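Chemist: One file: final04.tsv (TSV, C-alpha atoms).
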```tsv
chain	number	residue	atom	x	y	z
A	1466	MET	CA	78.48	122.30	99.83
A	1467	THR	CA	74.75	121.91	99.61
A	1468	ALA	CA	74.71	119.65	96.57
A	1469	ASP	CA	73.36	116.15	96.99
A	1470	ASP	CA	76.14	114.01	98.41
A	1471	THR	CA	75.03	110.81	96.67
A	1472	PHE	CA	78.03	111.17	94.36
A	1473	GLY	CA	80.51	111.39	97.25
A	1474	ARG	CA	83.96	112.88	97.02
A	1475	LEU	CA	86.72	111.17	95.10
A	1476	ASP	CA	89.93	112.50	93.70
A	1477	ASP	CA	89.64	113.33	90.04
A	1478	ASP	CA	91.74	110.34	89.01
A	1479	ASP	CA	89.72	107.83	91.03
A	1480	TYR	CA	87.16	105.57	89.42
A	1481	PRO	CA	84.39	104.81	88.80
A	1482	ALA	CA	84.13	107.53	86.24
A	1483	TYR	CA	81.13	107.96	84.02
A	1484	THR	CA	80.93	108.67	80.30
A	1485	MET	CA	79.58	112.05	79.28
A	1486	GLY	CA	76.23	110.55	78.28
A	1487	ARG	CA	75.83	108.63	81.53
A	1488	ALA	CA	76.99	111.61	83.61
A	1489	ALA	CA	74.49	113.91	81.87
A	1490	GLU	CA	71.74	111.34	82.42
A	1491	MET	CA	72.57	111.09	86.13
A	1492	LEU	CA	72.38	114.88	86.44
A	1493	GLY	CA	69.20	115.16	84.41
A	1494	ALA	CA	71.11	117.45	82.05
A	1495	THR	CA	72.46	117.34	78.53
A	1496	PRO	CA	76.02	116.69	77.37
A	1497	ALA	CA	76.04	120.34	76.22
A	1498	PHE	CA	75.54	121.39	79.86
A	1499	LEU	CA	78.62	119.38	80.89
A	1500	ARG	CA	80.62	120.90	78.04
A	1501	ALA	CA	79.54	124.39	79.17
A	1502	LEU	CA	80.75	123.63	82.70
A	1503	GLY	CA	84.08	122.63	81.20
A	1504	GLU	CA	84.26	125.82	79.15
A	1505	HIS	CA	83.86	127.80	82.38
A	1506	ARG	CA	86.57	125.66	83.99
A	1507	LEU	CA	84.31	124.18	86.65
A	1508	ILE	CA	85.03	120.56	85.74
A	1509	THR	CA	87.61	119.02	83.44
A	1510	PRO	CA	86.74	115.57	82.15
A	1511	LEU	CA	89.14	112.70	82.55
A	1512	ARG	CA	90.13	110.88	79.39
A	1513	SER	CA	89.86	107.13	78.98
A	1514	GLU	CA	92.32	105.16	76.90
A	1515	GLY	CA	90.05	105.64	73.90
A	1516	GLY	CA	90.02	109.41	74.45
A	1517	HIS	CA	86.43	109.49	75.68
A	1518	ARG	CA	85.43	112.06	78.28
A	1519	ARG	CA	84.71	110.60	81.70
A	1520	TYR	CA	83.60	112.29	84.93
A	1521	SER	CA	84.40	111.28	88.51
A	1522	ARG	CA	81.85	111.21	91.32
A	1523	TYR	CA	83.33	114.39	92.77
A	1524	GLN	CA	82.96	116.17	89.44
A	1525	LEU	CA	79.33	115.06	89.26
A	1526	ARG	CA	78.69	116.43	92.73
A	1527	ILE	CA	80.13	119.78	91.67
A	1528	ALA	CA	78.09	119.72	88.44
A	1529	ALA	CA	74.93	118.90	90.42
A	1530	ARG	CA	75.41	122.04	92.54
A	1531	ALA	CA	75.91	124.14	89.41
A	1532	ARG	CA	72.75	122.65	87.91
A	1533	GLU	CA	70.79	123.60	91.06
A	1534	LEU	CA	71.87	127.21	90.63
A	1535	VAL	CA	71.15	127.26	86.89
A	1536	ASP	CA	67.70	125.77	87.53
A	1537	GLN	CA	67.08	128.65	89.97
A	1538	GLY	CA	67.84	131.16	87.20
A	1539	THR	CA	71.52	131.87	87.79
A	1540	PRO	CA	73.47	132.30	84.54
A	1541	ILE	CA	75.84	129.38	83.95
A	1542	GLU	CA	79.00	131.49	84.18
A	1543	ALA	CA	77.93	132.92	87.55
A	1544	ALA	CA	76.86	129.47	88.78
A	1545	CYS	CA	80.33	128.12	87.99
A	1546	ARG	CA	81.99	130.97	89.88
A	1547	ILE	CA	79.70	130.43	92.87
A	1548	VAL	CA	80.40	126.70	93.00
A	1549	ILE	CA	84.15	127.28	92.76
A	1550	LEU	CA	84.00	129.79	95.62
A	1551	GLU	CA	81.82	127.48	97.72
A	1552	ASP	CA	84.29	124.64	97.20
A	1553	GLN	CA	87.20	126.89	98.16
A	1554	LEU	CA	85.35	128.08	101.26
A	1555	GLU	CA	84.59	124.49	102.28
A	1556	GLU	CA	88.27	123.57	101.89
A	1557	ALA	CA	89.41	126.66	103.84
A	1558	GLN	CA	87.01	125.82	106.68
A	1559	ARG	CA	88.30	122.24	106.78
A	1560	ILE	CA	91.91	123.41	106.94
A	1561	ASN	CA	91.05	125.96	109.63
A	1562	ALA	CA	89.34	123.28	111.75
A	1563	GLU	CA	92.38	120.99	111.41
A	1564	TYR	CA	94.71	123.83	112.39
A	1565	ARG	CA	92.60	124.68	115.46
A	1566	ARG	CA	92.46	121.04	116.58
A	1567	ALA	CA	96.23	120.72	116.21
A	1568	ALA	CA	96.83	123.98	118.10
A	1569	GLU	CA	94.47	122.92	120.90
A	1570	SER	CA	96.11	119.51	121.28
A	1571	ALA	CA	99.57	121.09	121.32
A	1572	ASN	CA	98.58	123.69	123.94
A	1573	PRO	CA	95.48	122.56	125.91
A	1574	THR	CA	95.70	125.46	128.39
A	1575	ALA	CA	95.35	128.09	125.62
A	1576	ALA	CA	91.90	126.75	124.69
A	1577	ALA	CA	90.52	127.48	128.16
```
Rewrite the structure of this file - the entire thing - as structure tokens.

Modeler:
Amino acid sequence: MTADDTFGRLDDDDYPAYTMGRAAEMLGATPAFLRALGEHRLITPLRSEGGHRRYSRYQLRIAARARELVDQGTPIEAACRIVILEDQLEEAQRINAEYRRAAESANPTAAA
């Protein structure tokens, strides 16, 4: 993914997680933008014990990529679809690379 990797990748249940206000501030966006991403099923906020929405670093990285596209004039719904597809492609490429490495190590003569 081409989004800034300063947020890193964490599983959704890993912390630190940021409140909606702090997450929006870090993205240079508004809380309404984060809510819109949730409405389009791009990110789903975690809930703290008090019921407050919180966002993981991975979710912020995904939201940052969506914001790049929206800033370039892409409608928010399309930006969410693009980011989802990019994330799926990245995961598929990672799995394919792992499969190829395993196949090559299991049969080194087939790689030649």

Chemist: What gap, in Å, lies between CA of Ala1567 (chain A) and CA of Leu1550 (chain A)?

Modeler: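 CA of Leu1550 (chain A) lies 25.6 Å from CA of Ala1567 (chain A).
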
Chemist: Which polymer residues have any atom within 12 Å of an atom of Phe1498 (chain A), counting only C-alpha atoms, with same-chain residues fewer than 5 positions away left out, as a list in words?

Modeler: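 That gives Met1485, Gly1486, Ala1488, Ala1489, Glu1490, Leu1492, Gly1493, Gly1503, Glu1504, His1505, Leu1507, Ile1508, Leu1525, Ala1528, Ala1529, Ala1531, Arg1532, Val1535, Asp1536, Ile1541, Glu1542 and Cys1545 of chain A.
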
Chemist: Quote the spacing between CA of Asp1552 (chain A) and CA of Ile1527 (chain A) in Å to one decimal place.

Modeler: 8.5 Å

Chemist: Just the residues within 6 Å of region 1519-1521 of chain A, please, counting only C-alpha atoms, with nothing from its chain fewer than 4 positions along; format it as a list in words.

Modeler: Asp1477, Ala1482, Tyr1483, Thr1484, Met1485, Pro1510, Leu1511 and Arg1512 of chain A

Chemist: May I ask for the distance between CA of Ala1497 (chain A) and CA of Gln1553 (chain A), given in Å to one decimal place?

Modeler: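 Answer for the CA of Ala1497 (chain A) to CA of Gln1553 (chain A) separation: 25.5 Å.
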